[in-house]
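A.B. asks: My structure is in upload.cif, and what it holds is mmCIF, C-alpha atoms:
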```cif
data_structure
loop_
_atom_site.label_atom_id
_atom_site.label_comp_id
_atom_site.auth_asym_id
_atom_site.auth_seq_id
_atom_site.Cartn_x
_atom_site.Cartn_y
_atom_site.Cartn_z
CA MET A 1 -15.96 -52.94 27.37
CA GLU A 2 -15.58 -49.30 28.34
CA ALA A 3 -11.85 -49.72 29.10
CA ARG A 4 -11.33 -51.56 25.81
CA GLY A 5 -13.11 -48.75 23.92
CA ASN A 6 -10.89 -46.11 25.52
CA ARG A 7 -7.77 -48.10 24.55
CA VAL A 8 -8.90 -48.35 20.92
CA ALA A 9 -9.65 -44.61 20.81
CA ASN A 10 -6.16 -43.81 22.15
CA GLU A 11 -4.55 -46.05 19.51
CA GLU A 12 -6.44 -44.28 16.74
CA THR A 13 -5.35 -40.81 17.87
CA THR A 14 -1.66 -41.75 18.20
CA VAL A 15 0.54 -41.69 15.13
CA ARG A 16 3.44 -44.13 15.08
CA PRO A 17 6.90 -42.66 14.70
CA VAL A 18 8.44 -42.74 11.23
CA ARG A 19 11.32 -45.11 10.70
CA GLY A 20 14.48 -43.39 9.47
CA PRO A 21 17.69 -44.86 8.08
CA LYS A 22 18.88 -48.12 9.65
CA GLY A 23 15.55 -48.54 11.42
CA ARG A 24 15.85 -45.56 13.74
CA GLU A 25 12.68 -43.83 14.88
CA GLU A 26 12.17 -40.30 13.65
CA PRO A 27 10.10 -37.93 15.74
CA GLY A 28 6.46 -38.01 14.70
CA PRO A 29 3.25 -36.29 15.72
CA GLU A 30 1.27 -37.63 18.64
CA GLY A 31 -2.42 -37.44 19.31
CA ALA A 32 -3.85 -33.94 18.92
CA GLY A 33 -5.55 -32.45 21.98
CA CYS A 34 -8.86 -30.63 22.10
CA CYS A 35 -7.20 -27.21 21.88
CA SER A 36 -5.21 -28.24 18.84
CA VAL A 37 -8.30 -29.52 17.06
CA LEU A 38 -10.23 -26.35 17.97
CA LEU A 39 -7.49 -23.98 16.76
CA THR A 40 -7.00 -25.94 13.55
CA GLY A 41 -10.73 -25.90 12.87
CA LEU A 42 -10.97 -22.14 13.45
CA SER A 43 -8.02 -21.59 11.11
CA TRP A 44 -9.67 -23.56 8.33
CA ILE A 45 -12.89 -21.60 8.85
CA LEU A 46 -10.94 -18.33 8.43
CA ILE A 47 -9.28 -19.68 5.31
CA VAL A 48 -12.66 -20.55 3.80
CA LEU A 49 -14.22 -17.21 4.78
CA PHE A 50 -11.44 -15.15 3.22
CA PHE A 51 -11.01 -17.33 0.14
CA PRO A 52 -9.36 -16.65 -2.34
CA PHE A 53 -7.36 -13.92 -0.54
CA SER A 54 -6.27 -16.40 2.13
CA MET A 55 -4.40 -18.42 -0.52
CA VAL A 56 -1.77 -15.68 -0.62
CA VAL A 57 -0.53 -16.73 2.82
CA CYS A 58 -1.50 -20.40 2.62
CA LEU A 59 0.32 -21.43 -0.56
CA LYS A 60 4.09 -21.79 -0.38
CA VAL A 61 6.69 -22.90 -2.92
CA VAL A 62 10.02 -24.66 -2.43
CA GLN A 63 12.65 -25.16 -5.12
CA GLU A 64 13.72 -28.48 -6.63
CA TYR A 65 16.72 -28.65 -4.30
CA GLU A 66 14.74 -27.72 -1.15
CA ARG A 67 12.32 -29.41 1.22
CA ALA A 68 9.94 -27.93 3.81
CA VAL A 69 9.56 -29.43 7.28
CA ILE A 70 6.17 -28.34 8.69
CA PHE A 71 5.25 -28.02 12.38
CA ARG A 72 1.62 -27.65 13.47
CA LEU A 73 1.27 -26.11 16.92
CA GLY A 74 4.84 -27.19 17.68
CA ARG A 75 4.34 -30.80 16.57
CA LEU A 76 5.93 -32.33 13.48
CA LEU A 77 3.34 -32.79 10.76
CA SER A 78 2.91 -36.34 9.51
CA GLY A 79 3.87 -37.23 5.96
CA GLY A 80 7.48 -36.06 6.12
CA ALA A 81 9.01 -33.07 4.40
CA LYS A 82 7.08 -31.34 1.64
CA GLY A 83 8.33 -30.41 -1.78
CA PRO A 84 9.53 -29.69 -4.28
CA GLY A 85 6.85 -27.42 -5.71
CA LEU A 86 3.63 -26.05 -4.20
CA PHE A 87 2.26 -26.98 -0.77
CA LEU A 88 -0.38 -25.65 1.63
CA ILE A 89 0.01 -24.47 5.22
CA VAL A 90 -2.44 -23.20 7.81
CA PRO A 91 -1.21 -19.68 8.67
CA CYS A 92 -2.37 -19.49 12.27
CA THR A 93 -1.12 -22.90 13.40
CA ASP A 94 1.66 -23.95 11.02
CA ASN A 95 5.23 -22.86 10.64
CA TYR A 96 7.81 -24.46 8.39
CA GLN A 97 11.55 -24.57 7.88
CA LYS A 98 13.27 -24.90 4.52
CA VAL A 99 16.14 -27.37 4.19
CA ASP A 100 18.67 -27.15 1.34
CA LEU A 101 19.60 -30.56 -0.09
CA ARG A 102 22.53 -29.38 -2.21
CA THR A 103 26.08 -30.50 -1.47
CA VAL A 104 27.98 -28.09 0.78
CA SER A 105 31.77 -27.73 0.71
CA TYR A 106 33.51 -26.78 3.93
CA ASN A 107 37.16 -25.74 4.15
CA VAL A 108 38.51 -27.04 7.44
CA PRO A 109 40.85 -24.34 8.79
CA PRO A 110 44.48 -25.34 9.48
CA GLN A 111 44.66 -27.51 12.59
CA GLU A 112 47.77 -27.71 14.77
CA ILE A 113 48.31 -31.46 15.21
CA LEU A 114 50.89 -33.43 17.20
CA THR A 115 51.64 -36.61 15.27
CA LYS A 116 52.41 -40.02 16.74
CA ASP A 117 56.16 -39.39 16.40
CA SER A 118 55.89 -36.04 18.25
CA VAL A 119 56.07 -33.69 15.25
CA THR A 120 53.86 -30.58 15.23
CA ILE A 121 52.25 -29.91 11.83
CA ALA A 122 49.42 -27.78 10.45
CA VAL A 123 46.90 -29.64 8.30
CA ASP A 124 43.84 -28.31 6.46
CA ALA A 125 41.20 -30.29 4.59
CA VAL A 126 37.94 -29.94 2.67
CA VAL A 127 34.69 -31.79 3.43
CA TYR A 128 31.74 -32.25 1.06
CA PHE A 129 28.42 -33.15 2.68
CA ARG A 130 24.68 -32.84 2.07
CA ILE A 131 21.41 -33.44 3.92
CA ASN A 132 19.66 -36.64 2.89
CA ASN A 133 16.90 -36.64 5.54
CA PRO A 134 15.43 -33.16 6.09
CA THR A 135 13.15 -34.19 8.94
CA ILE A 136 15.74 -35.51 11.37
CA SER A 137 18.24 -32.82 10.34
CA VAL A 138 15.79 -30.26 11.77
CA THR A 139 14.51 -32.17 14.79
CA ASN A 140 17.70 -33.93 16.00
CA VAL A 141 20.23 -31.08 15.88
CA SER A 142 19.84 -27.32 16.24
CA ASN A 143 22.35 -26.30 13.52
CA VAL A 144 23.30 -29.23 11.34
CA SER A 145 25.84 -27.36 9.21
CA SER A 146 27.77 -25.87 12.12
CA SER A 147 27.71 -29.17 14.03
CA THR A 148 29.10 -31.08 11.05
CA GLN A 149 31.87 -28.52 10.56
CA LEU A 150 32.96 -28.66 14.21
CA LEU A 151 32.88 -32.44 14.13
CA ALA A 152 35.04 -32.46 10.98
CA GLN A 153 37.71 -30.39 12.74
CA THR A 154 37.71 -32.71 15.75
CA ILE A 155 37.89 -35.90 13.68
CA LEU A 156 40.74 -34.44 11.59
CA ARG A 157 42.80 -33.89 14.75
CA ASN A 158 41.91 -37.28 16.24
CA VAL A 159 42.69 -39.30 13.12
CA LEU A 160 45.97 -37.57 12.26
CA GLY A 161 47.10 -37.74 15.89
CA THR A 162 47.40 -41.53 15.53
CA LYS A 163 49.61 -41.35 12.41
CA ASN A 164 53.33 -40.83 11.89
CA LEU A 165 54.59 -37.94 9.77
CA SER A 166 55.72 -40.29 7.01
CA GLU A 167 52.24 -41.89 6.87
CA ILE A 168 50.53 -38.49 6.67
CA LEU A 169 52.78 -37.38 3.81
CA SER A 170 52.60 -40.60 1.79
CA ASP A 171 49.18 -42.14 2.56
CA ARG A 172 46.67 -39.31 2.30
CA GLU A 173 44.04 -41.34 0.45
CA SER A 174 43.56 -43.94 3.18
CA ILE A 175 43.51 -41.18 5.82
CA SER A 176 40.77 -39.38 3.86
CA HIS A 177 38.70 -42.58 3.68
CA SER A 178 39.13 -43.13 7.42
CA MET A 179 37.97 -39.59 8.19
CA GLN A 180 34.96 -40.00 5.89
CA ALA A 181 33.94 -43.24 7.63
CA HIS A 182 34.17 -41.62 11.08
CA LEU A 183 32.16 -38.58 9.92
CA GLU A 184 29.44 -40.70 8.30
CA GLU A 185 29.04 -42.78 11.45
CA ALA A 186 28.71 -39.68 13.64
CA THR A 187 26.42 -37.62 11.36
CA ASP A 188 24.08 -40.42 10.29
CA ASP A 189 21.77 -39.58 13.23
CA TRP A 190 21.61 -35.99 11.95
CA GLY A 191 20.42 -36.90 8.45
CA VAL A 192 23.73 -35.89 6.86
CA LYS A 193 25.56 -37.76 4.10
CA VAL A 194 29.32 -37.13 3.90
CA GLU A 195 30.28 -37.50 0.24
CA ARG A 196 34.01 -36.79 0.26
CA VAL A 197 36.89 -35.77 2.52
CA GLU A 198 40.24 -34.60 1.15
CA ILE A 199 43.42 -33.40 2.86
CA LYS A 200 44.51 -30.20 1.12
CA ASP A 201 47.88 -29.29 2.59
CA VAL A 202 50.35 -30.42 5.24
CA ARG A 203 52.57 -27.61 6.54
CA LEU A 204 55.80 -28.47 8.32
CA PRO A 205 57.81 -26.19 10.63
CA ALA A 206 60.63 -24.30 8.88
CA GLN A 207 63.31 -25.96 11.02
CA LEU A 208 61.98 -29.41 10.14
CA GLN A 209 61.88 -28.50 6.44
CA ARG A 210 65.56 -27.49 6.56
CA ALA A 211 66.49 -30.70 8.37
CA MET A 212 64.60 -32.84 5.84
CA ALA A 213 66.20 -30.92 2.94
CA ALA A 214 69.70 -31.46 4.40
CA GLU A 215 68.96 -35.16 4.88
CA ALA A 216 67.73 -35.51 1.30
CA GLU A 217 70.76 -33.61 -0.05
CA ALA A 218 73.17 -35.83 1.91
CA SER A 219 71.40 -38.92 0.63
CA ARG A 220 71.65 -37.70 -2.98
CA GLU A 221 75.37 -36.87 -2.56
CA ALA A 222 76.05 -40.33 -1.14
CA LYS A 223 74.28 -41.96 -4.07
CA ALA A 224 76.23 -39.73 -6.51
CA LYS A 225 79.57 -40.77 -4.96
CA VAL A 226 78.64 -44.44 -5.18
CA ILE A 227 77.64 -44.05 -8.84
CA ALA A 228 80.90 -42.18 -9.61
CA ALA A 229 82.97 -44.89 -7.90
CA GLU A 230 81.17 -47.60 -9.85
CA GLY A 231 81.89 -45.66 -13.06
CA GLU A 232 85.58 -45.36 -12.23
CA GLN A 233 85.75 -49.07 -11.52
CA LYS A 234 84.12 -49.96 -14.83
CA ALA A 235 86.36 -47.46 -16.70
CA SER A 236 89.53 -48.95 -15.16
CA ILE A 237 88.44 -52.44 -16.17
CA ALA A 238 87.80 -51.23 -19.72
CA LEU A 239 91.21 -49.47 -19.89
CA LYS A 240 92.96 -52.61 -18.68
CA GLU A 241 91.26 -54.68 -21.37
CA ALA A 242 92.21 -52.06 -24.02
CA ALA A 243 95.84 -52.08 -22.87
CA ASP A 244 95.95 -55.86 -23.13
CA VAL A 245 94.64 -55.71 -26.69
CA ILE A 246 97.13 -52.99 -27.72
CA SER A 247 100.06 -54.90 -26.15
CA GLN A 248 99.22 -57.90 -28.30
CA ALA A 249 99.17 -55.78 -31.52
CA PRO A 250 101.75 -52.93 -31.52
CA SER A 251 100.34 -51.51 -34.73
CA ALA A 252 97.10 -50.70 -32.86
CA LEU A 253 98.97 -48.05 -30.90
CA GLN A 254 99.93 -46.28 -34.12
CA LEU A 255 96.32 -46.40 -35.33
CA ARG A 256 95.17 -44.89 -32.06
CA TYR A 257 97.82 -42.18 -32.45
CA LEU A 258 96.58 -41.30 -35.96
CA GLN A 259 92.97 -41.21 -34.72
CA THR A 260 93.93 -38.78 -31.95
CA LEU A 261 95.68 -36.50 -34.49
CA THR A 262 92.54 -36.58 -36.64
CA GLN A 263 90.38 -35.46 -33.70
CA ILE A 264 92.78 -32.64 -32.83
CA ALA A 265 92.88 -31.41 -36.45
CA ALA A 266 89.06 -31.38 -36.62
CA GLU A 267 88.94 -28.86 -33.78
CA LYS A 268 91.25 -26.40 -35.67
CA ASN A 269 93.83 -26.56 -32.93
CA SER A 270 97.42 -25.49 -33.62
CA THR A 271 98.80 -27.75 -30.90
CA ILE A 272 100.11 -31.09 -32.12
CA ILE A 273 101.03 -33.81 -29.66
CA PHE A 274 103.72 -36.35 -30.55
CA PRO A 275 103.70 -39.31 -28.22
CA LEU A 276 107.09 -40.59 -27.21
CA PRO A 277 107.29 -44.37 -27.03
CA ILE A 278 108.37 -45.72 -23.67
CA GLU A 279 110.80 -48.12 -25.38
CA ILE A 280 113.04 -45.20 -26.43
CA LEU A 281 113.39 -44.07 -22.83
CA HIS A 282 114.30 -47.58 -21.84
CA GLY A 283 117.00 -47.54 -24.52
CA PHE A 284 118.51 -44.32 -23.15
CA GLY A 285 118.40 -45.69 -19.67
CA MET A 286 120.32 -48.77 -20.62
CA LYS A 287 123.12 -46.64 -22.08
#
```
Take the structure in the file and write it out as structure tokens.

C.D. replies:
Amino acid sequence: MEARGNRVANEETTVRPVRGPKGREEPGPEGAGCCSVLLTGLSWILIVLFFPFSMVVCLKVVQEYERAVIFRLGRLLSGGAKGPGLFLIVPCTDNYQKVDLRTVSYNVPPQEILTKDSVTIAVDAVVYFRINNPTISVTNVSNVSSSTQLLAQTILRNVLGTKNLSEILSDRESISHSMQAHLEEATDDWGVKVERVEIKDVRLPAQLQRAMAAEAEASREAKAKVIAAEGEQKASIALKEAADVISQAPSALQLRYLQTLTQIAAEKNSTIIFPLPIEILHGFGMK
């Protein structure tokens, strides 16, 4: 009976850990020792003795976008983060840390990356993230913002290192989604929610830019030559058809001659062209 009573007493003084996202266990307070109970009791006695002046140091306020994670004698206080609004602490035993829940934007500095097809490029991006679990963001990582920023740089290099240059230039959206998924998986244990990842700029070496420009110019010139050749072919077919029509009706040639004179006269040109029929030359040749 005595052993069973001791086991029940131990269970009552132990607080179960709090379950975080995806069923993970968050750090929680354990059973308080005799010294902890004694110090806490003395602190409350001092608060009562110096009331209401003690409320100046006991009452704290956090903003709507903030939460306060409270530690009592080094142990996480049960009940999770406090706020927003007014909350009470015990000055001699408690200390707290404010956590900002607003979205933070981080400009990833340009990263020198070697692509899958062995091209060196400089890529920079922007990451938007926020803290969605203040408790584990304080207890699981020393500096959550700096850790997330360093991880974003590493993931940017790792993801783009598996892509070709053409994929990086043409498929930025899928690359951004892939980076966001990798970041969310890594920072979930830190209480961080990655909201958006965007690739800002891809900088190519000057020599590669000139080579790509020359390739594009050559491709455009080749297409222009093909289009010009197709136009010449169509024009020759049209001229052949027009010649066949005029040969069947000799009077059409005279009408075309009068139309040409009309166009020349409209331009106020003093030059008049008289076409010489080929039949006359044939007549002189026969003589």

A.B. asks: Residues around (40.6, -41.5, 8.5), cut-off 10 Å, counting all atoms listed in the file - what are they as a PDB file with C-alpha atoms, keeping the file's coordinate frame?

C.D. replies:
```
ATOM      1  CA  ILE A 155      37.890 -35.900  13.680  1.00  0.00           C
ATOM      2  CA  LEU A 156      40.740 -34.440  11.590  1.00  0.00           C
ATOM      3  CA  ASN A 158      41.910 -37.280  16.240  1.00  0.00           C
ATOM      4  CA  VAL A 159      42.690 -39.300  13.120  1.00  0.00           C
ATOM      5  CA  LEU A 160      45.970 -37.570  12.260  1.00  0.00           C
ATOM      6  CA  THR A 162      47.400 -41.530  15.530  1.00  0.00           C
ATOM      7  CA  LYS A 163      49.610 -41.350  12.410  1.00  0.00           C
ATOM      8  CA  ARG A 172      46.670 -39.310   2.300  1.00  0.00           C
ATOM      9  CA  GLU A 173      44.040 -41.340   0.450  1.00  0.00           C
ATOM     10  CA  SER A 174      43.560 -43.940   3.180  1.00  0.00           C
ATOM     11  CA  ILE A 175      43.510 -41.180   5.820  1.00  0.00           C
ATOM     12  CA  SER A 176      40.770 -39.380   3.860  1.00  0.00           C
ATOM     13  CA  HIS A 177      38.700 -42.580   3.680  1.00  0.00           C
ATOM     14  CA  SER A 178      39.130 -43.130   7.420  1.00  0.00           C
ATOM     15  CA  MET A 179      37.970 -39.590   8.190  1.00  0.00           C
ATOM     16  CA  GLN A 180      34.960 -40.000   5.890  1.00  0.00           C
ATOM     17  CA  ALA A 181      33.940 -43.240   7.630  1.00  0.00           C
ATOM     18  CA  HIS A 182      34.170 -41.620  11.080  1.00  0.00           C
ATOM     19  CA  LEU A 183      32.160 -38.580   9.920  1.00  0.00           C
ATOM     20  CA  VAL A 197      36.890 -35.770   2.520  1.00  0.00           C
TER      21      VAL A 197
END
```

A.B. asks: List the residues matched by the PyMOL selection byres ((chain A and resi 96) around 12) in the displayed structure as a VMD selection string, ordered by chain and then by residue number.

C.D. replies: chain A and resid 58 60 to 62 67 to 77 80 to 83 87 to 95 97 to 99 134 to 135 138

A.B. asks: Might you spell out which residues the PyMOL selection byres ((chain A and resi 111) around 10) would select in the displayed file, as a count of residues only?

C.D. replies: 17

A.B. asks: Considering all atoms listed in the file, state which residue in the set A:Asn140, A:Ser166, A:Gln259, A:Ser118 is at the smallest distance from A:Met212.

C.D. replies: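 Selected residue with least distance to A:Met212: A:Ser166.
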
A.B. asks: What's the separation between atom CA of A:Ser43 and atom CA of A:Val57, in Å to one decimal place?

C.D. replies: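 Taking atom CA of A:Ser43 as the start and atom CA of A:Val57 as the end point, the length is 12.2 Å.
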
A.B. asks: Work out how far atom CA of A:Thr139 is from atom CA of A:Glu195, in Å to one decimal.

C.D. replies: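 It comes out at 22.1 Å.
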
A.B. asks: Counting all atoms listed in the file, what is within 9 Å of A:Thr187, bar same-chain residues fewer than 5 positions away, as a list in words?

C.D. replies: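 My list of contacting residues is Val144, Ser147, Thr148, Leu151, His182, Val192, Lys193 and Val194 of chain A.
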
A.B. asks: Counting all atoms listed in the file, which of A:Asp201, A:Glu184, A:Glu241, A:Asp100 gets nearest to A:Ser145?

C.D. replies: A:Asp100

A.B. asks: Could you please determine the separation between atom CA of A:Arg220 and atom CA of A:Val119 in Å, to one decimal place?

C.D. replies: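 Here the two named atoms are 24.3 Å from each other.
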
A.B. asks: Can you sort out stretch 220-248 of chain A so it carries N, CA and C atoms, written as a short mmCIF file (atom, residue, chain, number, x, y, z; two decimals), in the coordinates of the input?

C.D. replies:
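Result saved to result_16.cif:
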```cif
data_model
loop_
_atom_site.label_atom_id
_atom_site.label_comp_id
_atom_site.auth_asym_id
_atom_site.auth_seq_id
_atom_site.Cartn_x
_atom_site.Cartn_y
_atom_site.Cartn_z
N ARG A 220 71.36 -37.80 -1.54
CA ARG A 220 71.65 -37.70 -2.98
C ARG A 220 73.16 -37.65 -3.23
N GLU A 221 73.92 -36.93 -2.39
CA GLU A 221 75.37 -36.87 -2.56
C GLU A 221 76.00 -38.24 -2.35
N ALA A 222 75.52 -38.99 -1.36
CA ALA A 222 76.05 -40.33 -1.14
C ALA A 222 75.79 -41.23 -2.34
N LYS A 223 74.59 -41.16 -2.89
CA LYS A 223 74.28 -41.96 -4.07
C LYS A 223 75.15 -41.54 -5.26
N ALA A 224 75.39 -40.21 -5.41
CA ALA A 224 76.23 -39.73 -6.51
C ALA A 224 77.65 -40.25 -6.38
N LYS A 225 78.21 -40.26 -5.16
CA LYS A 225 79.57 -40.77 -4.96
C LYS A 225 79.65 -42.26 -5.27
N VAL A 226 78.65 -43.01 -4.88
CA VAL A 226 78.64 -44.44 -5.18
C VAL A 226 78.59 -44.67 -6.69
N ILE A 227 77.74 -43.90 -7.38
CA ILE A 227 77.64 -44.05 -8.84
C ILE A 227 78.95 -43.67 -9.51
N ALA A 228 79.61 -42.58 -9.02
CA ALA A 228 80.90 -42.18 -9.61
C ALA A 228 81.97 -43.25 -9.38
N ALA A 229 81.99 -43.83 -8.17
CA ALA A 229 82.97 -44.89 -7.90
C ALA A 229 82.74 -46.12 -8.77
N GLU A 230 81.47 -46.47 -8.96
CA GLU A 230 81.17 -47.60 -9.85
C GLU A 230 81.60 -47.29 -11.28
N GLY A 231 81.44 -46.04 -11.72
CA GLY A 231 81.89 -45.66 -13.06
C GLY A 231 83.39 -45.74 -13.20
N GLU A 232 84.11 -45.27 -12.19
CA GLU A 232 85.58 -45.36 -12.23
C GLU A 232 86.04 -46.81 -12.28
N GLN A 233 85.37 -47.66 -11.52
CA GLN A 233 85.75 -49.07 -11.52
C GLN A 233 85.53 -49.69 -12.90
N LYS A 234 84.39 -49.42 -13.50
CA LYS A 234 84.12 -49.96 -14.83
C LYS A 234 85.09 -49.39 -15.86
N ALA A 235 85.44 -48.07 -15.74
CA ALA A 235 86.36 -47.46 -16.70
C ALA A 235 87.75 -48.08 -16.57
N SER A 236 88.20 -48.34 -15.34
CA SER A 236 89.53 -48.95 -15.16
C SER A 236 89.59 -50.35 -15.74
N ILE A 237 88.48 -51.09 -15.58
CA ILE A 237 88.44 -52.44 -16.17
C ILE A 237 88.50 -52.35 -17.69
N ALA A 238 87.77 -51.39 -18.27
CA ALA A 238 87.80 -51.23 -19.72
C ALA A 238 89.18 -50.80 -20.22
N LEU A 239 89.86 -49.90 -19.49
CA LEU A 239 91.21 -49.47 -19.89
C LEU A 239 92.20 -50.63 -19.81
N LYS A 240 92.07 -51.46 -18.79
CA LYS A 240 92.96 -52.61 -18.68
C LYS A 240 92.76 -53.56 -19.86
N GLU A 241 91.52 -53.80 -20.22
CA GLU A 241 91.26 -54.68 -21.37
C GLU A 241 91.81 -54.07 -22.66
N ALA A 242 91.67 -52.72 -22.82
CA ALA A 242 92.21 -52.06 -24.02
C ALA A 242 93.73 -52.14 -24.06
N ALA A 243 94.37 -51.98 -22.91
CA ALA A 243 95.84 -52.08 -22.87
C ALA A 243 96.30 -53.48 -23.23
N ASP A 244 95.60 -54.49 -22.78
CA ASP A 244 95.95 -55.86 -23.13
C ASP A 244 95.84 -56.09 -24.62
N VAL A 245 94.81 -55.54 -25.25
CA VAL A 245 94.64 -55.71 -26.69
C VAL A 245 95.75 -55.00 -27.46
N ILE A 246 96.09 -53.75 -27.03
CA ILE A 246 97.13 -52.99 -27.72
C ILE A 246 98.50 -53.65 -27.54
N SER A 247 98.77 -54.24 -26.37
CA SER A 247 100.06 -54.90 -26.15
C SER A 247 100.23 -56.11 -27.04
N GLN A 248 99.14 -56.74 -27.41
CA GLN A 248 99.22 -57.90 -28.30
C GLN A 248 99.41 -57.48 -29.75
#
```
